[in-house]
$ cat work00.cif   # mmCIF, C-alpha atoms
data_run
#
loop_
_atom_site.label_atom_id
_atom_site.label_comp_id
_atom_site.auth_asym_id
_atom_site.auth_seq_id
_atom_site.Cartn_x
_atom_site.Cartn_y
_atom_site.Cartn_z
CA MET T 25 60.82 25.19 -62.77
CA LEU T 26 57.14 24.23 -63.11
CA LYS T 27 56.67 24.44 -59.35
CA GLY T 28 57.92 28.04 -59.39
CA PHE T 29 55.55 28.89 -62.24
CA ARG T 30 52.64 27.24 -60.39
CA ASP T 31 53.49 29.21 -57.24
CA PHE T 32 53.63 32.43 -59.25
CA ILE T 33 50.24 31.79 -60.86
CA ALA T 34 48.69 30.76 -57.55
CA GLN T 35 49.70 34.00 -55.84
CA GLY T 36 46.71 36.09 -54.87
CA ASN T 37 47.91 39.25 -56.59
CA VAL T 38 48.15 37.55 -60.01
CA ILE T 39 44.61 36.23 -59.70
CA ASP T 40 43.39 39.61 -58.45
CA LEU T 41 44.99 41.28 -61.44
CA ALA T 42 43.35 38.82 -63.83
CA VAL T 43 39.95 39.46 -62.24
CA ALA T 44 40.54 43.22 -62.44
CA VAL T 45 41.34 43.03 -66.16
CA ILE T 46 38.22 40.97 -66.85
CA ILE T 47 35.99 43.28 -64.80
CA GLY T 48 37.61 46.30 -66.46
CA GLY T 49 36.83 44.85 -69.87
CA ALA T 50 33.23 44.23 -68.86
CA PHE T 51 32.93 47.74 -67.40
CA ALA T 52 34.43 49.46 -70.48
CA PRO T 53 31.16 49.56 -72.51
CA ILE T 54 29.37 51.23 -69.60
CA VAL T 55 32.05 53.90 -69.36
CA GLU T 56 32.06 54.38 -73.14
CA ALA T 57 28.28 54.81 -73.20
CA LEU T 58 28.40 57.29 -70.32
CA THR T 59 31.18 59.23 -72.04
CA LYS T 60 29.24 59.30 -75.30
CA VAL T 61 26.10 60.60 -73.56
CA LEU T 62 28.03 63.29 -71.72
CA LEU T 63 29.91 64.33 -74.86
CA ASN T 64 26.59 64.59 -76.71
CA ILE T 65 25.27 66.83 -73.94
CA ILE T 66 28.42 68.96 -74.21
CA GLY T 67 27.94 68.98 -77.98
CA ALA T 68 24.35 70.18 -77.61
CA LEU T 69 25.52 73.00 -75.33
CA VAL T 70 28.65 73.98 -77.22
CA GLY T 71 27.64 72.97 -80.74
CA SER T 72 30.07 70.12 -81.35
CA PRO T 73 30.42 66.81 -79.50
CA ASN T 74 34.20 67.11 -79.68
CA PHE T 75 36.80 69.81 -79.81
CA ASN T 76 38.90 68.32 -82.60
CA SER T 77 38.46 71.31 -84.89
CA VAL T 78 39.43 73.88 -82.25
CA GLY T 79 42.60 75.58 -83.43
CA GLN T 80 42.71 73.53 -86.61
CA PHE T 81 45.29 74.61 -89.20
CA SER T 82 47.22 73.20 -92.13
CA ILE T 83 50.72 73.79 -93.44
CA ASN T 84 51.26 74.06 -97.20
CA GLY T 85 47.90 72.43 -97.98
CA SER T 86 48.59 69.31 -95.92
CA ASP T 87 45.99 67.41 -93.97
CA PRO T 88 44.61 69.58 -91.20
CA ILE T 89 46.51 69.57 -87.93
CA GLN T 90 44.02 69.42 -85.07
CA PRO T 91 45.43 70.39 -81.69
CA GLY T 92 41.87 70.24 -80.35
CA THR T 93 42.12 66.44 -80.26
CA ILE T 94 44.19 66.89 -77.10
CA ILE T 95 41.28 68.78 -75.51
CA THR T 96 38.83 66.05 -76.57
CA ALA T 97 41.13 63.34 -75.17
CA GLY T 98 41.49 65.28 -71.92
CA ILE T 99 37.72 65.64 -71.55
CA ASN T 100 37.27 61.94 -72.34
CA PHE T 101 39.84 61.10 -69.66
CA LEU T 102 38.08 63.28 -67.09
CA LEU T 103 34.71 61.72 -67.93
CA VAL T 104 36.11 58.20 -67.62
CA ALA T 105 37.84 59.10 -64.35
CA ALA T 106 34.60 60.60 -63.00
CA ALA T 107 32.63 57.52 -64.05
CA ILE T 108 35.12 55.20 -62.34
CA TYR T 109 35.19 57.36 -59.21
CA PHE T 110 31.44 57.76 -58.81
CA CYS T 111 30.46 54.24 -59.95
CA VAL T 112 33.24 52.17 -58.39
CA VAL T 113 35.55 53.99 -55.97
CA LEU T 114 32.99 56.01 -54.01
CA PRO T 115 30.60 53.07 -53.39
CA MET T 116 33.54 50.84 -52.36
CA ASN T 117 34.83 53.50 -49.95
CA LYS T 118 31.37 53.83 -48.40
CA LEU T 119 31.12 50.04 -48.05
CA LYS T 120 34.56 49.88 -46.40
CA GLU T 121 33.57 52.69 -44.02
CA ARG T 122 30.37 50.87 -43.01
CA THR T 123 32.31 47.65 -42.48
CA ARG T 124 34.93 49.45 -40.40
CA LYS T 125 32.26 51.12 -38.25
CA ALA T 126 30.49 47.79 -37.72
CA GLN T 127 33.76 46.19 -36.64
CA GLU T 128 34.47 49.07 -34.25
CA ILE T 129 31.01 48.67 -32.70
CA GLU T 130 31.54 44.91 -32.30
CA ALA T 131 34.96 45.52 -30.75
CA ALA T 132 33.52 48.09 -28.33
CA ASP T 133 30.79 45.65 -27.24
CA GLU T 134 33.34 43.03 -26.24
CA VAL T 135 34.45 43.39 -22.63
CA PRO T 136 38.06 42.34 -22.22
CA ALA T 137 38.64 39.58 -19.70
CA PRO T 138 40.45 40.70 -16.56
CA SER T 139 44.08 39.73 -16.24
CA GLU T 140 45.37 37.33 -13.59
CA THR T 141 46.72 40.23 -11.59
CA GLU T 142 43.36 41.99 -11.58
CA LEU T 143 41.63 38.79 -10.50
CA LEU T 144 44.10 38.26 -7.67
CA VAL T 145 43.63 41.85 -6.51
CA GLN T 146 39.85 41.36 -6.49
CA ILE T 147 40.18 38.12 -4.50
CA ARG T 148 42.51 39.83 -2.02
CA ASP T 149 40.08 42.73 -1.59
CA LEU T 150 37.13 40.37 -1.05
CA LEU T 151 39.07 38.37 1.54
CA ALA T 152 40.12 41.57 3.30
CA ASP T 153 36.48 42.75 3.44
CA LYS T 154 35.38 39.48 5.12
CA LYS T 155 37.74 39.95 8.09
#
$ encode --input "work00.cif" --output "structure tokens"
Amino acid sequence: MLKGFRDFIAQGNVIDLAVAVIIGGAFAPIVEALTKVLLNIIGALVGSPNFNSVGQFSINGSDPIQPGTIITAGINFLLVAAAIYFCVVLPMNKLKERTRKAQEIEAADEVPAPSETELLVQIRDLLADKK
């Protein structure tokens, strides 16, 4: 039972997931700060840093119902997705592309060794030329 648990924990994907969660937690304040800055810019342009009060209404004097919170959440999601894409995904894709191109260049530089058949044909042709 403990061996199975140890094998499960030692799998690469579990460790990768743990690292991803830790890095995600460390990256969260950066994304939050970027989102806050961008929302403040939107607020300066539109007049409010969020859209919570858009379409606000109340029923029978209850607390206000704010359907605009969905708009604010959607904009926050798009800002976070853009931050992740431009700060993490795009640089990683460029790095992978460079690595792939470098490997292709290295592979193209390597001349494959001739097969036994090719060598025998060359030897035969050289012997035939000497006669």
$ atom_distance --input "work00.cif" --atom1 "CA of Ile94 (chain T)" --atom2 "CA of Ser82 (chain T)"
16.6 Å
$ closest_residue --input "work00.cif" --among "T:Asn37, T:Phe32, T:Gly49, T:Leu58" --to "Ala105 (chain T)" --atoms "only C-alpha atoms"
T:Leu58
$ atom_distance --input "work00.cif" --atom1 "CA of Leu102 (chain T)" --atom2 "CA of Lys118 (chain T)"
22.0 Å
$ atom_distance --input "work00.cif" --atom1 "CA of Lys60 (chain T)" --atom2 "CA of Val104 (chain T)"
10.4 Å
$ closest_residue --input "work00.cif" --among "T:Val38, T:Asn74, T:Pro88, T:Leu103" --to "Thr59 (chain T)" --atoms "all atoms listed in the file"
T:Leu103
$ decode --input "work00.cif" --residues "region 111-127 of chain T" --atoms "all heavy atoms" --output "CSV table (one decimal), in the first residue's frame"
chain,number,residue,atom,x,y,z
T,111,CYS,N,2.4,37.0,-20.9
T,111,CYS,CA,3.6,36.9,-20.0
T,111,CYS,C,4.1,35.5,-19.8
T,111,CYS,O,5.3,35.3,-19.4
T,111,CYS,CB,3.2,37.4,-18.6
T,111,CYS,SG,2.8,39.2,-18.6
T,112,VAL,N,3.3,34.5,-20.1
T,112,VAL,CA,3.8,33.1,-19.9
T,112,VAL,C,3.7,32.3,-21.2
T,112,VAL,O,4.7,31.8,-21.7
T,112,VAL,CB,2.9,32.4,-18.8
T,112,VAL,CG1,3.3,31.0,-18.7
T,112,VAL,CG2,3.0,33.1,-17.5
T,113,VAL,N,2.5,32.2,-21.8
T,113,VAL,CA,2.3,31.3,-23.0
T,113,VAL,C,3.2,31.8,-24.2
T,113,VAL,O,3.9,31.0,-24.8
T,113,VAL,CB,0.8,31.2,-23.3
T,113,VAL,CG1,0.6,30.4,-24.6
T,113,VAL,CG2,0.1,30.6,-22.2
T,114,LEU,N,3.0,33.0,-24.6
T,114,LEU,CA,3.7,33.5,-25.7
T,114,LEU,C,5.3,33.4,-25.6
T,114,LEU,O,5.9,32.9,-26.5
T,114,LEU,CB,3.3,35.0,-26.0
T,114,LEU,CG,3.8,35.6,-27.4
T,114,LEU,CD1,3.1,34.8,-28.5
T,114,LEU,CD2,3.4,37.0,-27.4
T,115,PRO,N,5.9,33.8,-24.5
T,115,PRO,CA,7.3,33.6,-24.4
T,115,PRO,C,7.7,32.1,-24.4
T,115,PRO,O,8.8,31.8,-25.0
T,115,PRO,CB,7.7,34.2,-23.0
T,115,PRO,CG,6.6,35.2,-22.8
T,115,PRO,CD,5.4,34.7,-23.4
T,116,MET,N,6.9,31.3,-23.8
T,116,MET,CA,7.3,29.8,-23.8
T,116,MET,C,7.2,29.3,-25.2
T,116,MET,O,8.0,28.5,-25.7
T,116,MET,CB,6.3,29.1,-22.9
T,116,MET,CG,6.6,29.3,-21.4
T,116,MET,SD,8.3,28.9,-21.0
T,116,MET,CE,8.4,27.1,-21.2
T,117,ASN,N,6.1,29.7,-26.0
T,117,ASN,CA,6.0,29.3,-27.4
T,117,ASN,C,7.2,29.7,-28.2
T,117,ASN,O,7.7,29.0,-29.1
T,117,ASN,CB,4.7,29.7,-28.0
T,117,ASN,CG,3.5,29.0,-27.4
T,117,ASN,OD1,3.6,27.9,-26.8
T,117,ASN,ND2,2.3,29.5,-27.6
T,118,LYS,N,7.6,31.0,-28.0
T,118,LYS,CA,8.8,31.5,-28.8
T,118,LYS,C,10.0,30.7,-28.4
T,118,LYS,O,10.8,30.3,-29.3
T,118,LYS,CB,9.0,32.9,-28.5
T,118,LYS,CG,7.8,33.8,-29.0
T,118,LYS,CD,8.4,35.0,-29.7
T,118,LYS,CE,7.2,35.9,-30.1
T,118,LYS,NZ,7.0,35.9,-31.5
T,119,LEU,N,10.2,30.4,-27.1
T,119,LEU,CA,11.4,29.6,-26.7
T,119,LEU,C,11.3,28.2,-27.3
T,119,LEU,O,12.3,27.7,-27.8
T,119,LEU,CB,11.4,29.5,-25.2
T,119,LEU,CG,12.5,28.7,-24.6
T,119,LEU,CD1,13.9,29.4,-24.9
T,119,LEU,CD2,12.4,28.6,-23.1
T,120,LYS,N,10.2,27.5,-27.3
T,120,LYS,CA,10.0,26.2,-27.9
T,120,LYS,C,10.3,26.3,-29.4
T,120,LYS,O,11.0,25.4,-29.9
T,120,LYS,CB,8.6,25.7,-27.7
T,120,LYS,CG,8.4,25.2,-26.3
T,120,LYS,CD,6.9,24.7,-26.2
T,120,LYS,CE,6.6,24.3,-24.7
T,120,LYS,NZ,5.2,23.8,-24.6
T,121,GLU,N,9.9,27.3,-30.1
T,121,GLU,CA,10.1,27.5,-31.5
T,121,GLU,C,11.6,27.6,-31.8
T,121,GLU,O,12.2,27.0,-32.7
T,121,GLU,CB,9.4,28.7,-32.1
T,121,GLU,CG,9.5,28.9,-33.6
T,121,GLU,CD,8.9,27.8,-34.4
T,121,GLU,OE1,8.0,27.1,-33.9
T,121,GLU,OE2,9.3,27.7,-35.6
T,122,ARG,N,12.3,28.4,-31.0
T,122,ARG,CA,13.8,28.6,-31.2
T,122,ARG,C,14.5,27.3,-30.9
T,122,ARG,O,15.4,26.9,-31.7
T,122,ARG,CB,14.3,29.6,-30.2
T,122,ARG,CG,14.0,31.0,-30.6
T,122,ARG,CD,14.6,32.0,-29.6
T,122,ARG,NE,14.2,33.4,-29.9
T,122,ARG,CZ,14.3,34.3,-29.0
T,122,ARG,NH1,14.9,34.2,-27.9
T,122,ARG,NH2,13.9,35.5,-29.3
T,123,THR,N,14.1,26.6,-29.9
T,123,THR,CA,14.7,25.3,-29.6
T,123,THR,C,14.5,24.3,-30.7
T,123,THR,O,15.4,23.6,-31.1
T,123,THR,CB,14.1,24.7,-28.3
T,123,THR,OG1,14.3,25.7,-27.2
T,123,THR,CG2,14.8,23.4,-27.9
T,124,ARG,N,13.2,24.3,-31.3
T,124,ARG,CA,12.9,23.4,-32.4
T,124,ARG,C,13.8,23.7,-33.6
T,124,ARG,O,14.3,22.8,-34.2
T,124,ARG,CB,11.4,23.4,-32.7
T,124,ARG,CG,11.0,22.4,-33.7
T,124,ARG,CD,9.5,22.6,-34.1
T,124,ARG,NE,9.2,23.9,-34.7
T,124,ARG,CZ,9.5,24.2,-36.0
T,124,ARG,NH1,10.1,23.4,-36.8
T,124,ARG,NH2,9.2,25.4,-36.4
T,125,LYS,N,13.9,25.0,-33.9
T,125,LYS,CA,14.7,25.4,-35.1
T,125,LYS,C,16.1,25.0,-34.9
T,125,LYS,O,16.8,24.6,-35.8
T,125,LYS,CB,14.5,26.9,-35.3
T,125,LYS,CG,13.2,27.3,-35.9
T,125,LYS,CD,13.2,28.8,-36.2
T,125,LYS,CE,11.9,29.2,-36.8
T,125,LYS,NZ,11.8,30.6,-37.1
T,126,ALA,N,16.7,25.2,-33.7
T,126,ALA,CA,18.1,24.8,-33.4
T,126,ALA,C,18.3,23.3,-33.6
T,126,ALA,O,19.3,22.9,-34.1
T,126,ALA,CB,18.4,25.3,-32.0
T,127,GLN,N,17.3,22.5,-33.1
T,127,GLN,CA,17.4,21.1,-33.3
T,127,GLN,C,17.3,20.7,-34.8
T,127,GLN,O,18.0,19.8,-35.2
T,127,GLN,CB,16.3,20.4,-32.5
T,127,GLN,CG,16.5,20.5,-31.0
T,127,GLN,CD,15.4,19.9,-30.2
T,127,GLN,OE1,14.3,19.7,-30.7
T,127,GLN,NE2,15.6,19.7,-28.9
